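**Student:** Right, I'll just put the structure down here and ask away after.
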Amino acid sequence: MTAADTRAEVRTADAATLRFPAGFRWGTATAAYQIEGAASEDGRTPSIWDTFSRTPGRVRNGDTGDIAADHYHRMREDVALMRELGVTDYRFSVAWPRVQPTGRGPALQKGLDFYRRLCDELREAGIRPVATLYHWDLPQELEDAGGWPRRETAERFAVYAGLTAEALGDRVATWTTLNEPWCAAFLGYGNGVHAPGRTSDADALRAAHHLNLAHGLAVDALRTALPAGTEVSLTLNLHVVRALTESAEDRDAARRIDAVANRIFLDPVFRGRLPEDLVRDTARVTDWSFVRDGDLAAVAAPIDSLGLNYYSPTVVAAGSSESPSPWAGAERHVRFLPAPGPRTAMDWPVDADGLYELLARLRDELPGVPLVITENGAAYEDYADPSGRVRDPERVAYLRGHLAAVRRAIEDGADVRGYFLWSLLDNFEWAYGYSKRFGIVHVDFASQRRTPKDSARWYADVIARGGLPAAP
Ligand code: FCB
């Protein structure tokens, strides 16, 4: 083959689209506390994030979700934006304290009505509603009674899941029990950078188990309340952990983090057991006696797909790091290193290969479990130029690289059914408040004006052509 032939081939490929499988779901994702606002409207009671964000020093700039992106009042406009993007699916979360204030007792119709209207609006726009039941907004009363370290919280969650499913079961296409239980347990109760801001390794491990239990009990409650065949799922932020070198010490550091970040959820949920090395590693912290007979079988209730949130990889070596940490004592044996390469505004490394590695691992370890990317995206310093346009070429490059990694994983046999871009709107980025913008739609928080960024147009084009333009 001559050089000219090769160039001609490349040109042909350039003109084409790198297609995704037919029926692939193209979505955007959000979470209740990050966008809704209306924090005390229609009977909603405070969640741990209301309390935390109102506590001085917890959230940058003293920001709260009181108003957020005012989505509670602008829901129609936001669904219209998604209709224009052409998304097939929308992943949102239900605010527990909006539909069951205080976390106990009957459901509140007004709260449920908001999600009913949202689902109806989505369905009219031809968009499948994908609901997450817990994206971190635990009713404050349940935290006051002990929070996730307490077993009763798991039981409460199952009741809430059942009553929400009874009310919205005919409208929601896919149900996800929890979003990122690792963050809820280890950032919430381990290093305290998330609500409720507690710092106890023992409580973090108890919380992780009770979140697993909450998931399993909720799967049961959902199956009882929903028509047979409804998709039930769980979203994990599995960590892509890389050892700095191949030395036995560095590999052991990676094993420890893999146990306390990944297998602490994967093994109970998919195999009905706790990882033995995790139990050994954490023996100084807990004897795990809070795990009762039958719990792990309940956690392992079968699910229909696994949701994955991926942003960047973690590089570790043997050594030690500071406490309090979200690693339940593993930090005494592990050093964390910056991964090389460009960074987002979160200072997170951009590394699309990590997403490929994650999908390839799950293809091998969980054959037969359909995978969905339920979050992926990036924050950058976006602003509207004088003409009102928001140019975000770095986000487009990030998304393109990660979608290409997803496609490569699919070609190599991973069963990936969909991709949800985080996020539809700029929003309340937890401890960073409004200082970090993840949206493909810019929000001017003073006027609540929405402006689709260049990345929104780019994503709409990807969806319309069913894949990536072969040439960037
Ligand atoms: C994930 C959260 C999501 C968002 C992104 C950036 O951990 O699930 O709410 O904040 O990070």
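Here, A, B, ... name the chains of the structure tokens in the order displayed, residue numbers run from 1 inside each chain, and ligands are numbered from 1 in the same displayed order.
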Please check which protein, DNA or RNA residues sit within 8 Å of ligand 1, counting only C-alpha atoms and all ligand atoms, and write them as a list in words.
**Tutor:**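 With only C-alpha atoms and all ligand atoms and a cut-off of 8 Å, ligand 1 is contacted by Thr30, Ala31, Gln34, His135, Asn179, Glu180, Cys183, Asn237, Asn309, Tyr311, Glu375, Asn376, Gly377, Ala378, Ala379, Trp422, Ser423, Phe428, Glu429, Trp430 and Phe438 of chain A.
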**Student:** Store the residues of this selection in a file with N, CA, C and O atoms, as a short mmCIF file (atom, residue, chain, number, x, y, z; two decimals), in the first residue's frame.
**Tutor:**
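Listing of selection.cif after writing:
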```cif
data_model
loop_
_atom_site.label_atom_id
_atom_site.label_comp_id
_atom_site.auth_asym_id
_atom_site.auth_seq_id
_atom_site.Cartn_x
_atom_site.Cartn_y
_atom_site.Cartn_z
N THR A 30 -28.44 14.73 36.39
CA THR A 30 -28.44 15.79 37.41
C THR A 30 -28.76 15.12 38.75
O THR A 30 -29.02 13.91 38.80
N ALA A 31 -28.77 15.92 39.82
CA ALA A 31 -29.22 15.41 41.12
C ALA A 31 -30.04 16.49 41.81
O ALA A 31 -29.79 17.70 41.64
N GLN A 34 -28.57 19.44 43.82
CA GLN A 34 -27.65 20.27 43.04
C GLN A 34 -28.38 21.25 42.11
O GLN A 34 -27.80 22.24 41.69
N HIS A 135 -29.44 10.41 46.07
CA HIS A 135 -28.24 11.13 45.64
C HIS A 135 -27.86 12.06 46.80
O HIS A 135 -27.83 13.27 46.65
N ASN A 179 -26.82 6.50 44.48
CA ASN A 179 -25.72 7.08 43.72
C ASN A 179 -24.47 7.09 44.60
O ASN A 179 -24.47 7.69 45.68
N GLU A 180 -23.42 6.45 44.11
CA GLU A 180 -22.10 6.52 44.74
C GLU A 180 -22.12 6.34 46.26
O GLU A 180 -21.79 7.26 47.02
N CYS A 183 -19.07 7.64 48.25
CA CYS A 183 -19.00 9.05 48.70
C CYS A 183 -19.86 9.25 49.94
O CYS A 183 -19.44 9.91 50.90
N ASN A 237 -19.29 4.65 42.01
CA ASN A 237 -18.12 5.35 41.44
C ASN A 237 -16.91 4.48 41.71
O ASN A 237 -16.13 4.72 42.62
N ASN A 309 -20.05 5.73 37.45
CA ASN A 309 -19.64 7.13 37.31
C ASN A 309 -18.13 7.17 37.24
O ASN A 309 -17.46 6.63 38.13
N TYR A 311 -14.67 9.69 36.44
CA TYR A 311 -14.08 11.00 36.14
C TYR A 311 -12.57 10.92 35.90
O TYR A 311 -12.07 11.50 34.94
N GLU A 375 -22.52 8.67 34.87
CA GLU A 375 -21.94 10.03 34.94
C GLU A 375 -20.56 10.02 34.31
O GLU A 375 -19.77 9.11 34.56
N ASN A 376 -20.31 11.06 33.54
CA ASN A 376 -18.96 11.36 33.05
C ASN A 376 -19.02 12.78 32.50
O ASN A 376 -20.00 13.16 31.86
N GLY A 377 -18.00 13.55 32.78
CA GLY A 377 -17.99 14.93 32.32
C GLY A 377 -16.88 15.68 33.01
O GLY A 377 -16.04 15.09 33.69
N ALA A 378 -16.85 16.99 32.85
CA ALA A 378 -15.72 17.76 33.38
C ALA A 378 -16.12 19.19 33.69
O ALA A 378 -16.99 19.77 33.03
N ALA A 379 -15.46 19.77 34.70
CA ALA A 379 -15.64 21.18 35.03
C ALA A 379 -14.50 21.98 34.39
O ALA A 379 -13.35 21.57 34.44
N TRP A 422 -22.54 14.11 32.68
CA TRP A 422 -22.66 14.96 33.85
C TRP A 422 -22.05 16.29 33.48
O TRP A 422 -20.85 16.35 33.31
N SER A 423 -22.83 17.33 33.36
CA SER A 423 -24.21 17.43 33.77
C SER A 423 -24.99 18.27 32.76
O SER A 423 -24.39 18.99 31.97
N PHE A 428 -24.86 23.16 41.85
CA PHE A 428 -24.21 23.21 43.17
C PHE A 428 -23.29 22.00 43.29
O PHE A 428 -23.76 20.87 43.46
N GLU A 429 -21.99 22.25 43.16
CA GLU A 429 -21.03 21.13 43.16
C GLU A 429 -20.57 20.85 44.60
O GLU A 429 -19.42 21.03 44.96
N TRP A 430 -21.51 20.42 45.44
CA TRP A 430 -21.23 19.95 46.79
C TRP A 430 -20.29 20.90 47.53
O TRP A 430 -20.57 22.08 47.60
N PHE A 438 -19.97 22.15 35.73
CA PHE A 438 -19.93 20.88 35.00
C PHE A 438 -20.95 20.84 33.86
O PHE A 438 -21.03 19.85 33.13
#
```
**Student:** Using the chain letters and numbers from this document, which residues of segment 376-422 of chain A does DSSP assign to alpha helix (DSSP H), as a list in words?
**Tutor:**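 Assigned to alpha helix (DSSP H), within segment 376-422 of chain A: Pro393, Glu394, Arg395, Val396, Ala397, Tyr398, Leu399, Arg400, Gly401, His402, Leu403, Ala404, Ala405, Val406, Arg407, Arg408, Ala409, Ile410 and Glu411 of chain A.
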**Student:** For those residues, write all heavy atoms to a file as a short mmCIF file (atom, residue, chain, number, x, y, z; two decimals), in the first residue's frame.
**Tutor:**
```
data_model
loop_
_atom_site.label_atom_id
_atom_site.label_comp_id
_atom_site.auth_asym_id
_atom_site.auth_seq_id
_atom_site.Cartn_x
_atom_site.Cartn_y
_atom_site.Cartn_z
N PRO A 393 -14.04 24.34 24.43
CA PRO A 393 -13.37 23.29 23.63
C PRO A 393 -12.72 22.21 24.50
O PRO A 393 -12.65 21.04 24.08
CB PRO A 393 -12.30 24.07 22.85
CG PRO A 393 -12.11 25.36 23.59
CD PRO A 393 -13.44 25.66 24.21
N GLU A 394 -12.28 22.56 25.71
CA GLU A 394 -11.66 21.52 26.54
C GLU A 394 -12.68 20.46 26.95
O GLU A 394 -12.37 19.28 27.01
CB GLU A 394 -11.08 22.15 27.81
CG GLU A 394 -9.95 23.12 27.55
CD GLU A 394 -9.75 24.02 28.77
OE1 GLU A 394 -10.70 24.75 29.11
OE2 GLU A 394 -8.66 23.98 29.35
N ARG A 395 -13.90 20.91 27.25
CA ARG A 395 -14.94 19.93 27.62
C ARG A 395 -15.26 19.04 26.43
O ARG A 395 -15.42 17.82 26.58
CB ARG A 395 -16.20 20.66 28.13
CG ARG A 395 -17.31 19.70 28.54
CD ARG A 395 -18.50 20.39 29.19
NE ARG A 395 -18.17 20.94 30.49
CZ ARG A 395 -17.94 22.22 30.72
NH1 ARG A 395 -18.03 23.11 29.74
NH2 ARG A 395 -17.62 22.64 31.92
N VAL A 396 -15.34 19.64 25.24
CA VAL A 396 -15.62 18.84 24.04
C VAL A 396 -14.52 17.78 23.87
O VAL A 396 -14.80 16.61 23.62
CB VAL A 396 -15.73 19.73 22.78
CG1 VAL A 396 -15.77 18.88 21.51
CG2 VAL A 396 -16.98 20.61 22.87
N ALA A 397 -13.27 18.19 24.07
CA ALA A 397 -12.16 17.24 23.92
C ALA A 397 -12.26 16.14 24.98
O ALA A 397 -12.05 14.95 24.69
CB ALA A 397 -10.83 17.96 24.04
N TYR A 398 -12.62 16.53 26.20
CA TYR A 398 -12.78 15.55 27.29
C TYR A 398 -13.86 14.53 26.91
O TYR A 398 -13.67 13.31 27.00
CB TYR A 398 -13.14 16.27 28.58
CG TYR A 398 -13.34 15.34 29.77
CD1 TYR A 398 -12.34 15.18 30.73
CD2 TYR A 398 -14.53 14.62 29.94
CE1 TYR A 398 -12.52 14.32 31.81
CE2 TYR A 398 -14.72 13.77 31.01
CZ TYR A 398 -13.71 13.63 31.95
OH TYR A 398 -13.89 12.77 33.01
N LEU A 399 -15.00 15.03 26.49
CA LEU A 399 -16.14 14.15 26.18
C LEU A 399 -15.81 13.25 25.01
O LEU A 399 -16.09 12.05 25.02
CB LEU A 399 -17.39 15.00 25.87
CG LEU A 399 -17.91 15.85 27.03
CD1 LEU A 399 -19.02 16.79 26.54
CD2 LEU A 399 -18.41 14.97 28.17
N ARG A 400 -15.20 13.84 24.00
CA ARG A 400 -14.84 13.06 22.83
C ARG A 400 -13.91 11.90 23.21
O ARG A 400 -14.12 10.75 22.83
CB ARG A 400 -14.16 13.96 21.81
CG ARG A 400 -13.90 13.28 20.54
CD ARG A 400 -13.07 14.06 19.54
NE ARG A 400 -12.61 13.06 18.61
CZ ARG A 400 -13.38 12.56 17.64
NH1 ARG A 400 -14.59 13.03 17.45
NH2 ARG A 400 -12.93 11.60 16.87
N GLY A 401 -12.90 12.21 24.00
CA GLY A 401 -11.93 11.18 24.41
C GLY A 401 -12.61 10.07 25.21
O GLY A 401 -12.33 8.89 25.01
N HIS A 402 -13.50 10.46 26.10
CA HIS A 402 -14.14 9.44 26.95
C HIS A 402 -15.17 8.62 26.16
O HIS A 402 -15.29 7.42 26.37
CB HIS A 402 -14.73 10.10 28.19
CG HIS A 402 -13.66 10.50 29.18
ND1 HIS A 402 -12.84 11.58 28.97
CD2 HIS A 402 -13.23 9.90 30.33
CE1 HIS A 402 -11.96 11.66 29.98
NE2 HIS A 402 -12.19 10.65 30.81
N LEU A 403 -15.88 9.28 25.26
CA LEU A 403 -16.83 8.50 24.44
C LEU A 403 -16.07 7.55 23.51
O LEU A 403 -16.52 6.42 23.26
CB LEU A 403 -17.73 9.44 23.64
CG LEU A 403 -18.94 9.95 24.45
CD1 LEU A 403 -19.63 11.11 23.74
CD2 LEU A 403 -19.95 8.82 24.68
N ALA A 404 -14.92 7.98 23.02
CA ALA A 404 -14.11 7.09 22.18
C ALA A 404 -13.66 5.88 23.00
O ALA A 404 -13.63 4.74 22.50
CB ALA A 404 -12.91 7.83 21.60
N ALA A 405 -13.35 6.11 24.28
CA ALA A 405 -12.94 4.99 25.15
C ALA A 405 -14.12 4.03 25.36
O ALA A 405 -13.95 2.81 25.38
CB ALA A 405 -12.44 5.52 26.49
N VAL A 406 -15.32 4.57 25.51
CA VAL A 406 -16.51 3.73 25.68
C VAL A 406 -16.70 2.87 24.42
O VAL A 406 -16.93 1.66 24.49
CB VAL A 406 -17.77 4.58 25.93
CG1 VAL A 406 -19.01 3.71 25.95
CG2 VAL A 406 -17.64 5.36 27.24
N ARG A 407 -16.54 3.52 23.29
CA ARG A 407 -16.75 2.79 22.03
C ARG A 407 -15.72 1.67 21.86
O ARG A 407 -16.04 0.56 21.44
CB ARG A 407 -16.69 3.76 20.86
CG ARG A 407 -17.06 3.11 19.56
CD ARG A 407 -17.20 4.11 18.46
NE ARG A 407 -17.50 3.47 17.21
CZ ARG A 407 -16.57 2.90 16.44
NH1 ARG A 407 -15.31 2.90 16.81
NH2 ARG A 407 -16.92 2.34 15.30
N ARG A 408 -14.50 1.98 22.21
CA ARG A 408 -13.43 0.98 22.12
C ARG A 408 -13.76 -0.21 23.04
O ARG A 408 -13.59 -1.37 22.67
CB ARG A 408 -12.11 1.64 22.53
CG ARG A 408 -10.87 0.83 22.24
CD ARG A 408 -9.67 1.74 22.03
NE ARG A 408 -9.37 2.60 23.18
CZ ARG A 408 -8.61 2.26 24.22
NH1 ARG A 408 -8.06 1.07 24.26
NH2 ARG A 408 -8.39 3.10 25.21
N ALA A 409 -14.27 0.10 24.24
CA ALA A 409 -14.62 -0.97 25.18
C ALA A 409 -15.76 -1.82 24.61
O ALA A 409 -15.77 -3.05 24.75
CB ALA A 409 -15.01 -0.38 26.53
N ILE A 410 -16.73 -1.16 23.97
CA ILE A 410 -17.84 -1.92 23.36
C ILE A 410 -17.29 -2.84 22.26
O ILE A 410 -17.63 -4.03 22.20
CB ILE A 410 -18.91 -0.96 22.80
CG1 ILE A 410 -19.58 -0.18 23.94
CG2 ILE A 410 -19.95 -1.73 21.98
CD1 ILE A 410 -20.53 0.92 23.48
N GLU A 411 -16.40 -2.30 21.44
CA GLU A 411 -15.81 -3.12 20.37
C GLU A 411 -15.08 -4.33 20.94
O GLU A 411 -15.05 -5.39 20.34
CB GLU A 411 -14.80 -2.30 19.58
CG GLU A 411 -15.44 -1.46 18.51
CD GLU A 411 -14.40 -0.61 17.77
OE1 GLU A 411 -13.27 -0.43 18.28
OE2 GLU A 411 -14.74 -0.14 16.70
#
```
**Student:** Run DSSP on the backbone and give me the residues of segment 38-202 of chain A it puts in strand (DSSP E or B), as a list of chain:residue names.
**Tutor:**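 Assigned to strand (DSSP E or B), within segment 38-202 of chain A: A:Ser47, A:Asp89, A:Tyr90, A:Arg91, A:Phe92, A:Ser93, A:Arg128, A:Pro129, A:Val130, A:Ala131, A:Thr132, A:Leu133, A:Tyr134, A:Pro139, A:Thr174, A:Trp175, A:Thr176, A:Thr177, A:Leu178, A:Asn179.
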**Student:** Work out how far atom CA of Ser200 of chain A is from atom CA of Arg54 of chain A, in Å to one decimal.
**Tutor:**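 Going from atom CA of Arg54 of chain A over to atom CA of Ser200 of chain A, I get 21.8 Å.
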**Student:** At a cut-off of 6 Å, using only C-alpha atoms, what residues contact segment 160-164 of chain A? Leave out same-chain residues fewer than 6 positions from it and give the result as a VMD selection string.
**Tutor:** chain A and resid 218 221 to 222
**Student:** Dump N, CA and C atoms for the selected residues as a tab-separated table (two decimals), in the first residue's frame?
**Tutor:**
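part01.tsv, written as the output of this step:
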```
chain	number	residue	atom	x	y	z
A	218	ALA	N	-34.04	-2.19	49.27
A	218	ALA	CA	-34.81	-1.36	48.34
A	218	ALA	C	-35.08	-2.11	47.03
A	221	ALA	N	-38.09	-4.05	47.72
A	221	ALA	CA	-39.28	-3.19	47.79
A	221	ALA	C	-39.68	-2.72	46.39
A	222	LEU	N	-38.70	-2.43	45.55
A	222	LEU	CA	-38.99	-1.98	44.19
A	222	LEU	C	-39.63	-3.11	43.39
```
**Student:** Just the residues within 7 Å of segment 204-208 of chain A, please, counting only C-alpha atoms, with nothing from its chain fewer than 4 positions along; format it as a PDB file with all heavy atoms, in the first residue's frame.
**Tutor:**
```
ATOM      1  N   TRP A 148     -26.438   6.959  58.493  1.00  0.00           N
ATOM      2  CA  TRP A 148     -26.135   5.689  57.818  1.00  0.00           C
ATOM      3  C   TRP A 148     -25.377   4.690  58.689  1.00  0.00           C
ATOM      4  O   TRP A 148     -25.480   3.473  58.450  1.00  0.00           O
ATOM      5  CB  TRP A 148     -25.404   5.948  56.504  1.00  0.00           C
ATOM      6  CG  TRP A 148     -26.338   6.452  55.439  1.00  0.00           C
ATOM      7  CD1 TRP A 148     -26.361   7.693  54.880  1.00  0.00           C
ATOM      8  CD2 TRP A 148     -27.395   5.712  54.809  1.00  0.00           C
ATOM      9  NE1 TRP A 148     -27.361   7.786  53.938  1.00  0.00           N
ATOM     10  CE2 TRP A 148     -28.010   6.580  53.877  1.00  0.00           C
ATOM     11  CE3 TRP A 148     -27.890   4.414  54.937  1.00  0.00           C
ATOM     12  CZ2 TRP A 148     -29.091   6.180  53.081  1.00  0.00           C
ATOM     13  CZ3 TRP A 148     -28.963   4.017  54.146  1.00  0.00           C
ATOM     14  CH2 TRP A 148     -29.549   4.891  53.233  1.00  0.00           C
ATOM     15  N   PRO A 149     -24.619   5.113  59.702  1.00  0.00           N
ATOM     16  CA  PRO A 149     -24.020   4.085  60.563  1.00  0.00           C
ATOM     17  C   PRO A 149     -25.071   3.276  61.320  1.00  0.00           C
ATOM     18  O   PRO A 149     -24.772   2.222  61.885  1.00  0.00           O
ATOM     19  CB  PRO A 149     -23.145   4.898  61.531  1.00  0.00           C
ATOM     20  CG  PRO A 149     -22.811   6.144  60.770  1.00  0.00           C
ATOM     21  CD  PRO A 149     -24.060   6.432  59.967  1.00  0.00           C
ATOM     22  N   PRO A 181     -22.516   5.152  46.728  1.00  0.00           N
ATOM     23  CA  PRO A 181     -22.483   4.939  48.181  1.00  0.00           C
ATOM     24  C   PRO A 181     -21.080   5.142  48.772  1.00  0.00           C
ATOM     25  O   PRO A 181     -20.963   5.461  49.955  1.00  0.00           O
ATOM     26  CB  PRO A 181     -22.964   3.484  48.339  1.00  0.00           C
ATOM     27  CG  PRO A 181     -22.859   2.875  46.978  1.00  0.00           C
ATOM     28  CD  PRO A 181     -23.024   3.982  46.000  1.00  0.00           C
ATOM     29  N   TRP A 182     -20.028   4.997  47.971  1.00  0.00           N
ATOM     30  CA  TRP A 182     -18.669   5.249  48.503  1.00  0.00           C
ATOM     31  C   TRP A 182     -18.580   6.681  49.037  1.00  0.00           C
ATOM     32  O   TRP A 182     -18.079   6.911  50.145  1.00  0.00           O
ATOM     33  CB  TRP A 182     -17.587   5.010  47.426  1.00  0.00           C
ATOM     34  CG  TRP A 182     -16.224   5.259  47.996  1.00  0.00           C
ATOM     35  CD1 TRP A 182     -15.478   4.371  48.727  1.00  0.00           C
ATOM     36  CD2 TRP A 182     -15.472   6.480  47.960  1.00  0.00           C
ATOM     37  NE1 TRP A 182     -14.299   4.976  49.133  1.00  0.00           N
ATOM     38  CE2 TRP A 182     -14.270   6.263  48.676  1.00  0.00           C
ATOM     39  CE3 TRP A 182     -15.688   7.737  47.380  1.00  0.00           C
ATOM     40  CZ2 TRP A 182     -13.290   7.252  48.836  1.00  0.00           C
ATOM     41  CZ3 TRP A 182     -14.722   8.724  47.531  1.00  0.00           C
ATOM     42  CH2 TRP A 182     -13.533   8.468  48.257  1.00  0.00           C
ATOM     43  N   ALA A 185     -20.678   7.186  52.242  1.00  0.00           N
ATOM     44  CA  ALA A 185     -20.095   6.582  53.444  1.00  0.00           C
ATOM     45  C   ALA A 185     -18.774   7.237  53.831  1.00  0.00           C
ATOM     46  O   ALA A 185     -18.582   7.642  54.985  1.00  0.00           O
ATOM     47  CB  ALA A 185     -19.882   5.079  53.211  1.00  0.00           C
ATOM     48  N   PHE A 186     -17.867   7.336  52.875  1.00  0.00           N
ATOM     49  CA  PHE A 186     -16.483   7.673  53.233  1.00  0.00           C
ATOM     50  C   PHE A 186     -16.187   9.170  53.197  1.00  0.00           C
ATOM     51  O   PHE A 186     -15.314   9.635  53.929  1.00  0.00           O
ATOM     52  CB  PHE A 186     -15.510   6.886  52.351  1.00  0.00           C
ATOM     53  CG  PHE A 186     -15.564   5.415  52.652  1.00  0.00           C
ATOM     54  CD1 PHE A 186     -16.322   4.553  51.874  1.00  0.00           C
ATOM     55  CD2 PHE A 186     -14.890   4.903  53.744  1.00  0.00           C
ATOM     56  CE1 PHE A 186     -16.409   3.201  52.179  1.00  0.00           C
ATOM     57  CE2 PHE A 186     -14.960   3.552  54.064  1.00  0.00           C
ATOM     58  CZ  PHE A 186     -15.727   2.700  53.280  1.00  0.00           C
ATOM     59  N   TYR A 189     -18.860  10.242  56.322  1.00  0.00           N
ATOM     60  CA  TYR A 189     -18.579   9.804  57.706  1.00  0.00           C
ATOM     61  C   TYR A 189     -17.098   9.524  57.962  1.00  0.00           C
ATOM     62  O   TYR A 189     -16.701   9.325  59.108  1.00  0.00           O
ATOM     63  CB  TYR A 189     -19.404   8.545  58.030  1.00  0.00           C
ATOM     64  CG  TYR A 189     -20.899   8.805  58.011  1.00  0.00           C
ATOM     65  CD1 TYR A 189     -21.638   8.651  56.841  1.00  0.00           C
ATOM     66  CD2 TYR A 189     -21.565   9.247  59.153  1.00  0.00           C
ATOM     67  CE1 TYR A 189     -22.999   8.919  56.803  1.00  0.00           C
ATOM     68  CE2 TYR A 189     -22.928   9.512  59.135  1.00  0.00           C
ATOM     69  CZ  TYR A 189     -23.641   9.348  57.956  1.00  0.00           C
ATOM     70  OH  TYR A 189     -24.980   9.613  57.928  1.00  0.00           O
ATOM     71  N   GLY A 190     -16.274   9.470  56.877  1.00  0.00           N
ATOM     72  CA  GLY A 190     -14.856   9.150  57.031  1.00  0.00           C
ATOM     73  C   GLY A 190     -13.985  10.396  57.135  1.00  0.00           C
ATOM     74  O   GLY A 190     -13.448  10.701  58.196  1.00  0.00           O
ATOM     75  N   SER A 200     -15.121   9.393  61.322  1.00  0.00           N
ATOM     76  CA  SER A 200     -14.864   8.172  62.091  1.00  0.00           C
ATOM     77  C   SER A 200     -14.749   7.018  61.099  1.00  0.00           C
ATOM     78  O   SER A 200     -15.693   6.742  60.350  1.00  0.00           O
ATOM     79  CB  SER A 200     -16.020   7.921  63.063  1.00  0.00           C
ATOM     80  OG  SER A 200     -16.132   6.539  63.345  1.00  0.00           O
ATOM     81  N   ASN A 212     -25.140  -0.622  51.568  1.00  0.00           N
ATOM     82  CA  ASN A 212     -25.323  -1.863  50.794  1.00  0.00           C
ATOM     83  C   ASN A 212     -26.651  -2.526  51.152  1.00  0.00           C
ATOM     84  O   ASN A 212     -27.401  -2.967  50.284  1.00  0.00           O
ATOM     85  CB  ASN A 212     -24.185  -2.852  51.096  1.00  0.00           C
ATOM     86  CG  ASN A 212     -22.956  -2.593  50.233  1.00  0.00           C
ATOM     87  OD1 ASN A 212     -23.047  -1.993  49.162  1.00  0.00           O
ATOM     88  ND2 ASN A 212     -21.804  -3.057  50.701  1.00  0.00           N
TER      89      ASN A 212
END
```
**Student:** Excluding Gly23 of chain A and any residue of its chain fewer than 6 positions from it, enumerate the residues within 12 Å of it, using only C-alpha atoms, and give them as an MDAnalysis selection string.
**Tutor:** chainID A and resid 88:89 416:419 463 466:467
**Student:** So that I have them on file, write out the residues from the current selection with all heavy atoms, as a tab-separated table (two decimals), in the first residue's frame.
**Tutor:**
```tsv
chain	number	residue	atom	x	y	z
A	88	THR	N	-32.05	10.73	24.65
A	88	THR	CA	-33.06	9.67	24.73
A	88	THR	C	-33.49	9.42	26.17
A	88	THR	O	-34.58	8.92	26.42
A	88	THR	CB	-32.51	8.34	24.17
A	88	THR	OG1	-31.37	7.94	24.97
A	88	THR	CG2	-32.07	8.50	22.73
A	89	ASP	N	-32.61	9.76	27.13
A	89	ASP	CA	-32.84	9.44	28.55
A	89	ASP	C	-32.43	10.63	29.42
A	89	ASP	O	-31.51	11.38	29.06
A	89	ASP	CB	-31.98	8.25	28.99
A	89	ASP	CG	-32.44	6.92	28.39
A	89	ASP	OD1	-32.60	6.86	27.16
A	89	ASP	OD2	-32.60	5.95	29.16
A	416	VAL	N	-21.98	-2.19	27.13
A	416	VAL	CA	-22.32	-0.84	27.62
A	416	VAL	C	-23.57	-0.38	26.89
A	416	VAL	O	-23.58	-0.28	25.66
A	416	VAL	CB	-21.17	0.16	27.41
A	416	VAL	CG1	-21.49	1.48	28.10
A	416	VAL	CG2	-19.85	-0.40	27.91
A	417	ARG	N	-24.60	-0.07	27.66
A	417	ARG	CA	-25.89	0.25	27.04
A	417	ARG	C	-26.17	1.74	26.90
A	417	ARG	O	-27.09	2.13	26.18
A	417	ARG	CB	-27.02	-0.36	27.89
A	417	ARG	CG	-26.90	-1.85	28.12
A	417	ARG	CD	-27.27	-2.64	26.88
A	417	ARG	NE	-27.06	-4.06	27.07
A	417	ARG	CZ	-28.01	-4.92	27.48
A	417	ARG	NH1	-29.22	-4.48	27.76
A	417	ARG	NH2	-27.73	-6.20	27.60
A	418	GLY	N	-25.44	2.58	27.65
A	418	GLY	CA	-25.77	4.00	27.57
A	418	GLY	C	-24.72	4.88	28.22
A	418	GLY	O	-23.80	4.38	28.91
A	419	TYR	N	-24.86	6.18	27.99
A	419	TYR	CA	-23.90	7.17	28.49
A	419	TYR	C	-24.69	8.39	28.93
A	419	TYR	O	-25.45	8.97	28.14
A	419	TYR	CB	-22.94	7.54	27.36
A	419	TYR	CG	-21.95	8.63	27.70
A	419	TYR	CD1	-20.69	8.33	28.23
A	419	TYR	CD2	-22.26	9.98	27.47
A	419	TYR	CE1	-19.78	9.34	28.53
A	419	TYR	CE2	-21.36	10.99	27.77
A	419	TYR	CZ	-20.12	10.66	28.30
A	419	TYR	OH	-19.21	11.65	28.59
A	463	ILE	N	-25.45	12.78	19.24
A	463	ILE	CA	-26.70	12.00	19.41
A	463	ILE	C	-27.39	11.84	18.06
A	463	ILE	O	-27.84	10.75	17.69
A	463	ILE	CB	-27.63	12.68	20.44
A	463	ILE	CG1	-26.94	12.74	21.81
A	463	ILE	CG2	-28.95	11.93	20.54
A	463	ILE	CD1	-27.66	13.60	22.84
A	466	GLY	N	-25.64	9.38	16.01
A	466	GLY	CA	-25.50	8.06	16.63
A	466	GLY	C	-24.07	7.67	16.89
A	466	GLY	O	-23.73	6.48	16.95
A	467	GLY	N	-23.20	8.65	17.04
A	467	GLY	CA	-21.81	8.33	17.32
A	467	GLY	C	-20.92	9.54	17.20
A	467	GLY	O	-21.40	10.66	17.03
```
**Student:** Give me the residues near Leu468 of chain A as a ChimeraX atom specification, where near means some atom within 9 Å (using only C-alpha atoms) and where sequence neighbours in that chain fewer than 6 positions away do not count.
**Tutor:** /A:16-20,400,403-404,461-462
**Student:** What is the atom CA of Gly27 of chain A-atom CA of Ala446 of chain A distance in Å, reported with one decimal?
**Tutor:** 27.1 Å
**Student:** What gap, in Å, lies between atom CA of His71 of chain A and atom CA of Gly37 of chain A?
**Tutor:**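 Those two atoms sit 6.7 Å apart.
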**Student:** Using only C-alpha atoms, find the one residue out of A:Val441, A:Val59, A:Val350, A:Leu211 that sits nearest to Gly197 of chain A.
**Tutor:**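 Selected residue with least distance to Gly197 of chain A: A:Val59.
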**Student:** Just the residues within 6 Å of Thr344 of chain A, please, counting only C-alpha atoms, with nothing from its chain fewer than 3 positions along; format it as number ranges by chain.
**Tutor:** A: 347-348, 379-380
**Student:** Can you work out which one of A:Thr199, A:Ser435, A:Thr286, A:Thr245 has the shortest atom-to-atom distance to Ala345 of chain A, counting only C-alpha atoms?
**Tutor:**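 The closest residue to Ala345 of chain A is A:Ser435.
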